[in-house]
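Novice: My questions will all concern the structure given below.
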Amino acid sequence: MEKCSWALQSPQMQDYHDKRWGRACHDERLLFEYLVLEMMQAGLSWAIVLKKQAGFREAFDDFDVQKIATYNEEKIAALCQNPSIIRNRMKIQAVVANARAYLALQATFGSFDAYIWSFTNSQVIHHQWHNEEEIPSQDALSQKISKDMKKRGFRFVGPTIIYSYLQAIGVINDHVLLCPCYKEIVSASQVK
């Protein structure tokens with residue numbers, strides 16, 4: 001059995017691949033954390049984001065969306081000086097804006113989980129890729145969700161970021177067919 005090749009880059013990447021990537025996530029805090037990390041990755045490598053994940057958790061109050069929604073310019077300026085995170089002012093401002101939009105979505109749908117999984121009727125999409133070169137950077141679903149989220153006030157949520165997000169939270173199973181995780185996720189999604 002062969003793993004997805006990107007998992008072999010480092011022990012940290014392998015751990016992320018084996019234990020988290022593509023596993024159905026329904027936890028509100030984790031859904032927000034993954035959204036922040038995916039948007040922070042824009043233009044960078046996932047390895048950089050993973051190395052800074054602990055720094056992000058500390059800097060962003062363990063991804064407490066209620067706290068983040070109250071951040072002011074002084075807090076944003078302090079975050080822009082924090083070397084343990086990616087110090088891009090536009091992305092940090094987007095995190096705060098997205099926390100506010102996230103809370104609004106929770107109020108409308110009861111939870112962000114209900115919102116994001118509604119696009120697939122709570123079903124995991126199992127692609128059947130033979131190799132990683134087949135995997136797209138976006139699709140019609142990520143375009144639809146991106147458009148809807150932007151209308152609701154989210155920023156840094158283009159279709160490519162949303163596609164990566166859907167992979168990360170397990171809405172889309174994009175492990176290659178020979179990867180042992182592929183079958184594990186298929187089996188887990190059939191047990192309800």
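Ordering of the structure tokens sets the chain letters (A, B, ...); residue numbers start at 1 within each chain; ligands are numbered from 1 in the order shown.
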Quick one: residues within 9 Å of A:His26, only C-alpha atoms counted, chain neighbours fewer than 5 positions away excluded, as a ChimeraX atom specification?

Specialist: /A:31,112-114,117,169

Novice: Residues as selected, C-alpha atoms, written as a PDB file, in the first residue's frame, can you do that?

Specialist:
```pdb
ATOM      1  CA  LEU A  31     -13.819  23.696  11.735  1.00  0.00           C
ATOM      2  CA  PHE A 112     -21.170  26.063  11.035  1.00  0.00           C
ATOM      3  CA  ASP A 113     -21.066  22.283  10.792  1.00  0.00           C
ATOM      4  CA  ALA A 114     -24.708  22.203   9.635  1.00  0.00           C
ATOM      5  CA  TRP A 117     -22.048  19.808   5.401  1.00  0.00           C
ATOM      6  CA  ILE A 169     -12.339  18.575   7.088  1.00  0.00           C
TER       7      ILE A 169
END
```

Novice: Among chain A, which residues does DSSP mark as strand (DSSP E) when it is run on the backbone? Keep the chain and numbering as in the structure and answer as a VMD selection string.

Specialist: chain A and resid 125 to 126 172 to 173

Novice: For the residues in the current selection, export C-alpha atoms as a short mmCIF file (atom, residue, chain, number, x, y, z; two decimals), in the first residue's frame.

Specialist:
```cif
data_model
loop_
_atom_site.label_atom_id
_atom_site.label_comp_id
_atom_site.auth_asym_id
_atom_site.auth_seq_id
_atom_site.Cartn_x
_atom_site.Cartn_y
_atom_site.Cartn_z
CA ILE A 125 -17.53 12.76 -1.50
CA HIS A 126 -15.12 9.90 -2.25
CA ILE A 172 -13.98 15.42 0.22
CA ASN A 173 -11.89 12.25 0.45
#
```

Novice: Go ahead and compute the interatomic distance for atom CA of A:Arg100 and atom CA of A:Lys19, in Å to one decimal.

Specialist: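 These two atoms are separated by 29.4 Å.
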
Novice: Could you give me, as an MDAnalysis selection string, the residues within 9 Å of A:Leu50, counting only C-alpha atoms and dropping anything in the same chain fewer than 6 positions from it?

Specialist: chainID A and resid 12:13 16 37

Novice: Given the choices A:Leu8, A:Ala78, A:Ala97, A:Val36, which gets closest to A:Tyr165 if the distance is worked out from only C-alpha atoms?

Specialist: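 Closest candidate: A:Val36.
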
Novice: Using only C-alpha atoms, determine which residues lie at most 7 Å from stretch 156-164 of chain A, disregarding the query and same-chain residues fewer than 4 positions distant; provide the list as a list in words.

Specialist: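 Residues near the query, excluding close chain neighbours: Glu38, Met39, Ala94, Ser137, Gln138, Ser142, Gln143, Ser146, Lys150 and Ala168 of chain A.
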
Novice: Do a neighbour search on A:Arg89 at 12 Å with only C-alpha atoms, toss out local chain neighbours closer than 6 positions, and write the hits as a short mmCIF file (atom, residue, chain, number, x, y, z; two decimals) with N, CA, C and O atoms, in the first residue's frame.

Specialist:
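Written output follows (around31.cif):
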```cif
data_model
loop_
_atom_site.label_atom_id
_atom_site.label_comp_id
_atom_site.auth_asym_id
_atom_site.auth_seq_id
_atom_site.Cartn_x
_atom_site.Cartn_y
_atom_site.Cartn_z
N MET A 40 -4.53 30.88 5.76
CA MET A 40 -3.16 31.33 6.03
C MET A 40 -2.18 30.69 5.06
O MET A 40 -1.13 31.24 4.77
N GLU A 73 -8.04 46.83 16.41
CA GLU A 73 -6.82 47.18 15.65
C GLU A 73 -5.55 46.99 16.47
O GLU A 73 -4.51 46.59 15.94
N LYS A 75 -5.01 44.74 18.81
CA LYS A 75 -4.74 43.30 18.84
C LYS A 75 -4.20 42.83 17.48
O LYS A 75 -3.25 42.04 17.42
N ILE A 76 -4.78 43.33 16.40
CA ILE A 76 -4.31 42.97 15.05
C ILE A 76 -2.86 43.42 14.86
O ILE A 76 -2.02 42.68 14.35
N ALA A 77 -2.54 44.63 15.33
CA ALA A 77 -1.17 45.15 15.23
C ALA A 77 -0.20 44.26 16.02
O ALA A 77 0.91 43.97 15.56
N ALA A 78 -0.63 43.80 17.19
CA ALA A 78 0.22 42.92 18.01
C ALA A 78 0.43 41.58 17.30
O ALA A 78 1.55 41.05 17.28
N LEU A 79 -0.61 41.05 16.68
CA LEU A 79 -0.49 39.80 15.94
C LEU A 79 0.46 39.94 14.76
O LEU A 79 1.20 39.00 14.43
N CYS A 80 0.47 41.10 14.15
CA CYS A 80 1.36 41.35 13.01
C CYS A 80 2.83 41.36 13.42
O CYS A 80 3.72 41.27 12.57
N GLN A 81 3.09 41.46 14.72
CA GLN A 81 4.47 41.43 15.23
C GLN A 81 4.85 40.07 15.81
O GLN A 81 5.98 39.88 16.26
N ASN A 82 3.92 39.13 15.82
CA ASN A 82 4.13 37.83 16.45
C ASN A 82 4.88 36.88 15.51
O ASN A 82 4.32 36.43 14.51
N VAL A 95 -9.04 36.90 9.30
CA VAL A 95 -9.39 35.97 10.39
C VAL A 95 -10.46 36.61 11.29
O VAL A 95 -11.44 35.96 11.66
N VAL A 96 -10.26 37.87 11.62
CA VAL A 96 -11.22 38.58 12.48
C VAL A 96 -12.57 38.73 11.77
O VAL A 96 -13.63 38.44 12.35
#
```

Novice: Report as a PyMOL selection string: the residues of stretch 18-124 of chain A with a DSSP assignment of helix (DSSP H, G or I), based on the backbone of this structure.

Specialist: chain A and resi 18-19+28-41+46-51+53-59+61-63+65-68+73-79+89-109+112-118
